[in-house]
Amino acid sequence: MQIEIDGLTKAYDGTQALAPAQLTVPSGVLMALLGPSGSGKTTLLRLIAGLETPSAGRLFFDGAEATGLSVQARRSGFVFQNYALFRHMNVARNVGYGLAARPRRDRPSRAEIAARVDSLLTLVRLDGFAERFPDQLSGGQRQRVAFARALAIEPRLLLLDEPFGALDAAVRRELRTGLRRIHDETGLTTIFVTHDQQEAMEVADQVAVMSTGRIEQVGRPEDLRNHPRTPFVRSFLAAG
Amino acid sequence: MSDILPAVCAPAIRAGHPRPGPGPASGPPAMRRALILGAAAVAAVLLAAPLAVILASALAEGPRAALAALAEPAARSAIGLTLLVAAIVMPVNLVVGIAAAWTVARFDFRGKAALLALIELPFSVSPVVVGLALVLLYGSGGILAPVLAPLGVKIVFALPAIVLATLFITFPFIARALIPLMQEQGAAEEEAALTLGAGPLRMFLTVTLPNIRWTLLQAVLLCNARAMGEFGAVAVVSGKIRGQTATMPIMIEMLYNEYLSTAAFAMSGLLAALALVTLALKARLEDVRPGAAAARGHP
Ligand SMILES: Nc1ncnc2c1ncn2[C@@H]1O[C@H](COP(=O)(O)OP(=O)(O)OP(=O)(O)O)[C@@H](O)[C@H]1O
Ligand SMILES: [Mg+2]
């Protein structure tokens, strides 16, 4: 699904978290939102998911206006920065939550949900963890549960907020490849937030560099490296 | 009696240290033992002894005399009234308390600090003042009298005022217990439920409520104990009509002033026993939280 952002803006009580943003994410692309802390990456991601209402601007999914759609109706698979797993549910119930939450007529049977949960746990390589609770998992395992949970609803797009933020380097690398693999298998349009330029450059098809609420430049990793369009992009990429 | 005390004290200790246990920070064993003994001694003298004395006095003339005193019509009416008031106050506090806590913990708005102060107001105002305020508002010569009198509604010296006074006094318990917990847990799980397609009601029932259930239950029990024991505010607004508007605490005072000590102590013993049952339930809840999952829902 193609995502078009036309002038989306977010202001909190006078401070502008996101200046009018212009961005198109073509269908099936894995895009990274790259920028330092406070540059508005999370804000933009939450606006796309419908978790925040924009102060101005419009959003289109496959050409159809999505600005006024509810969070639920957008059906975006969202992976939160600290995973936000339901702490009182085991892994299977976490992953199956979205299916069980469907209105009765669309709801799969228990057996179908269980089967879907099983195949998702296999996809994220967590077979045998179905009965664990979130606090019995490592950070990397939690991240993968969150990923499986987001995929369970057959989302139209995937949004990930610093999916590898709090993990050590080895796990990050492993999950990075996992993200790329799952993206290629599902073909979902995916946007992930990171402040690690190496991560963005290695994994993403396209990178949008952000600074102080503004999208500075969008392009393929090699284009950004070879032709930085603003001093900020040049110095930010050089620094990493 | 003495074995209830450690159970009652336990929550406070747990609240401070999510993972209690001997660690390098807990000092030399001798000092720790002395501190624990000291605390137990203070608790025994200040808290346990009065309760023990009450129960002993209630039974001084034998359990039969105590039961007979409790079976008096006026006594039965007081017990019934106290239970009725608690049964009305509890659901109201539950709904309003959760709503208030959710509003404060989840939204930023102008006047939030003022709302927080307002929620805590009942903690800082003397119950007698609360009672007087209610009389001034709803009493026969009160501010709202011109409205209420033609309608024939009697509030002061009747059940409504007792309920209002008890509501005012017990209002903060649930909101105060939930706000820090909900703030600490954050909105992310609720937002996750929404992105997964859950509606607001489903989100509340499957995510919000399970995450706060143990704290909520404890707050409800504490609130209930306070509702049954409230004296000051109720004393002012109830008019202390024996057999009609006298709750258990009011009845105890009246019996005591009439030198009917057995009856007074029997009623006190019953009220104390109700409170102890409540606290024991609360302590038990903290021990039998099923599974590791709930442990995380309860820092
Ligand atoms: N609820 C809010 N109220 C007020 N200001 C906010 C709020 N949320 C974000 N902001 C502000 O908006 C700006 C952008 O925040 P945002 O969270 O989008 O940054 P970010 O790029 O995700 O940063 P990080 O890498 O640290 O997560 C920041 O200056 C932040 O202080
Ligand atoms: Mg962020």
# chains A, B, ... in the order shown; residues from 1 in each chain; ligands from 1
$ residues_near_ligand --ligand "ligand 1" --cutoff "12 Å" --atoms "only C-alpha atoms and all ligand atoms" --output "number ranges by chain"
A: 9-19, 33-47, 51-53, 80-82, 160-163, 165, 192-196, 208-215; B: 106-109, 187
$ closest_atom_pairs --of "chain A" --to "chain B" --cutoff "6 Å" --atoms "only C-alpha atoms" --output "CSV"
residue,atom,partner,partner_atom,distance
A:Val71,CA,B:Thr195,CA,5.7
A:Gln72,CA,B:Gly197,CA,4.4
A:Ala84,CA,B:Glu189,CA,4.9
A:Arg87,CA,B:Ala293,CA,5.8
A:His88,CA,B:Ala293,CA,4.6
A:Gly98,CA,B:Leu196,CA,4.7
A:Ala101,CA,B:Ala198,CA,5.4
$ closest_residue --among "B:Leu81, B:Ala44, B:Leu137, B:Ala175" --to "B:Arg242" --atoms "only C-alpha atoms"
B:Leu81
$ atom_distance --atom1 "atom CA of B:Leu59" --atom2 "atom CA of B:Thr262"
7.8 Å
$ residues_around --residues "stretch 267-272 of chain B" --least-positions-apart "6" --cutoff "8 Å" --atoms "only C-alpha atoms" --output "list of chain:residue names"
B:Leu51, B:Ile54, B:Leu55, B:Ala58, B:Leu70, B:Ala75, B:Met228, B:Gly229, B:Met248, B:Pro249, B:Ile252
$ atom_distance --atom1 "atom CA of A:Thr67" --atom2 "atom CA of A:Glu4"
10.5 Å
$ select_by_dssp --residues "stretch 17-130 of chain B" --states "alpha helix (DSSP H)" --output "MDAnalysis selection string"
chainID B and resid 29:43 49:58 62:71 73:106 112:124 127:130
$ residues_around --residues "stretch 217-223 of chain B" --least-positions-apart "2" --cutoff "9 Å" --atoms "only C-alpha atoms" --output "PyMOL selection string"
chain B and resi 90+93-94+170-178+212-215+225-228+275+278-279+281-283+285-286
$ select_by_dssp --residues "stretch 6-237 of chain A" --states "strand (DSSP E or B)" --output "PDB file with C-alpha atoms, in the first residue's frame"
ATOM      1  CA  ASP A   6       0.601  15.862   2.408  1.00  0.00           C
ATOM      2  CA  GLY A   7       1.520  18.642   4.800  1.00  0.00           C
ATOM      3  CA  LEU A   8       0.869  16.719   8.037  1.00  0.00           C
ATOM      4  CA  THR A   9       1.663  19.013  10.969  1.00  0.00           C
ATOM      5  CA  LYS A  10       1.630  18.558  14.716  1.00  0.00           C
ATOM      6  CA  ALA A  11       1.871  21.267  17.338  1.00  0.00           C
ATOM      7  CA  TYR A  12       1.665  20.760  21.092  1.00  0.00           C
ATOM      8  CA  THR A  15       5.734  23.976  20.222  1.00  0.00           C
ATOM      9  CA  GLN A  16       5.837  22.482  16.781  1.00  0.00           C
ATOM     10  CA  ALA A  17       6.744  18.780  16.959  1.00  0.00           C
ATOM     11  CA  LEU A  18       6.321  18.299  13.224  1.00  0.00           C
ATOM     12  CA  ALA A  19       6.543  21.006  10.570  1.00  0.00           C
ATOM     13  CA  PRO A  20       4.342  20.475   7.500  1.00  0.00           C
ATOM     14  CA  ALA A  21       5.705  17.220   6.114  1.00  0.00           C
ATOM     15  CA  GLN A  22       5.707  16.016   2.521  1.00  0.00           C
ATOM     16  CA  LEU A  23       6.491  12.356   1.993  1.00  0.00           C
ATOM     17  CA  THR A  24       5.470   9.488  -0.279  1.00  0.00           C
ATOM     18  CA  VAL A  25       6.232   5.897   0.649  1.00  0.00           C
ATOM     19  CA  LEU A  30      10.963  -0.435   3.578  1.00  0.00           C
ATOM     20  CA  MET A  31      11.575   3.122   4.704  1.00  0.00           C
ATOM     21  CA  ALA A  32      13.608   4.384   7.650  1.00  0.00           C
ATOM     22  CA  LEU A  33      12.852   7.629   9.491  1.00  0.00           C
ATOM     23  CA  LEU A  34      16.288   8.711  10.639  1.00  0.00           C
ATOM     24  CA  ALA A  56      -3.144  20.284   9.763  1.00  0.00           C
ATOM     25  CA  GLY A  57      -2.485  18.332   6.602  1.00  0.00           C
ATOM     26  CA  ARG A  58      -3.783  15.192   4.973  1.00  0.00           C
ATOM     27  CA  LEU A  59      -2.877  11.536   4.702  1.00  0.00           C
ATOM     28  CA  PHE A  60      -3.653   9.124   1.868  1.00  0.00           C
ATOM     29  CA  PHE A  61      -3.528   5.329   1.765  1.00  0.00           C
ATOM     30  CA  ALA A  64      -7.831   7.340  -0.629  1.00  0.00           C
ATOM     31  CA  GLU A  65      -7.952   9.942   2.111  1.00  0.00           C
ATOM     32  CA  SER A  76      -1.559  -0.529  10.762  1.00  0.00           C
ATOM     33  CA  GLY A  77       0.671  -3.005  12.539  1.00  0.00           C
ATOM     34  CA  PHE A  78       2.401  -0.855  15.147  1.00  0.00           C
ATOM     35  CA  VAL A  79       5.449  -2.000  17.118  1.00  0.00           C
ATOM     36  CA  LEU A 157       1.259  -1.331   6.624  1.00  0.00           C
ATOM     37  CA  LEU A 158       3.872  -1.826   9.329  1.00  0.00           C
ATOM     38  CA  LEU A 159       5.053   0.951  11.631  1.00  0.00           C
ATOM     39  CA  LEU A 160       7.943   0.335  14.020  1.00  0.00           C
ATOM     40  CA  ASP A 161       9.190   2.860  16.580  1.00  0.00           C
ATOM     41  CA  THR A 189       4.940  -1.198   3.151  1.00  0.00           C
ATOM     42  CA  THR A 190       7.032  -0.617   6.264  1.00  0.00           C
ATOM     43  CA  ILE A 191       8.254   2.474   8.078  1.00  0.00           C
ATOM     44  CA  PHE A 192      10.666   2.150  10.967  1.00  0.00           C
ATOM     45  CA  VAL A 193      12.139   4.813  13.191  1.00  0.00           C
ATOM     46  CA  THR A 194      15.782   4.849  14.170  1.00  0.00           C
ATOM     47  CA  GLN A 206      14.733   4.496   1.384  1.00  0.00           C
ATOM     48  CA  VAL A 207      15.698   6.821   4.207  1.00  0.00           C
ATOM     49  CA  ALA A 208      13.974  10.027   5.311  1.00  0.00           C
ATOM     50  CA  VAL A 209      16.345  12.172   7.358  1.00  0.00           C
ATOM     51  CA  MET A 210      14.619  14.352   9.956  1.00  0.00           C
ATOM     52  CA  SER A 211      15.799  17.255  12.060  1.00  0.00           C
ATOM     53  CA  ARG A 214      11.435  18.780   9.453  1.00  0.00           C
ATOM     54  CA  ILE A 215      12.080  16.154   6.787  1.00  0.00           C
ATOM     55  CA  GLU A 216      15.451  17.230   5.420  1.00  0.00           C
ATOM     56  CA  GLN A 217      15.902  14.738   2.611  1.00  0.00           C
ATOM     57  CA  VAL A 218      14.428  11.500   1.318  1.00  0.00           C
ATOM     58  CA  GLY A 219      16.257   9.035  -0.862  1.00  0.00           C
TER      59      GLY A 219
END
$ residues_around --residues "A:Leu121" --least-positions-apart "2" --cutoff "10 Å" --atoms "only C-alpha atoms" --output "PyMOL selection string"
chain A and resi 91-92+95+115-119+123-130+144-145+147-149
$ closest_residue --among "B:Glu230, B:Ala56, B:Val104, B:Gly38" --to "B:Gly131" --atoms "only C-alpha atoms"
B:Glu230
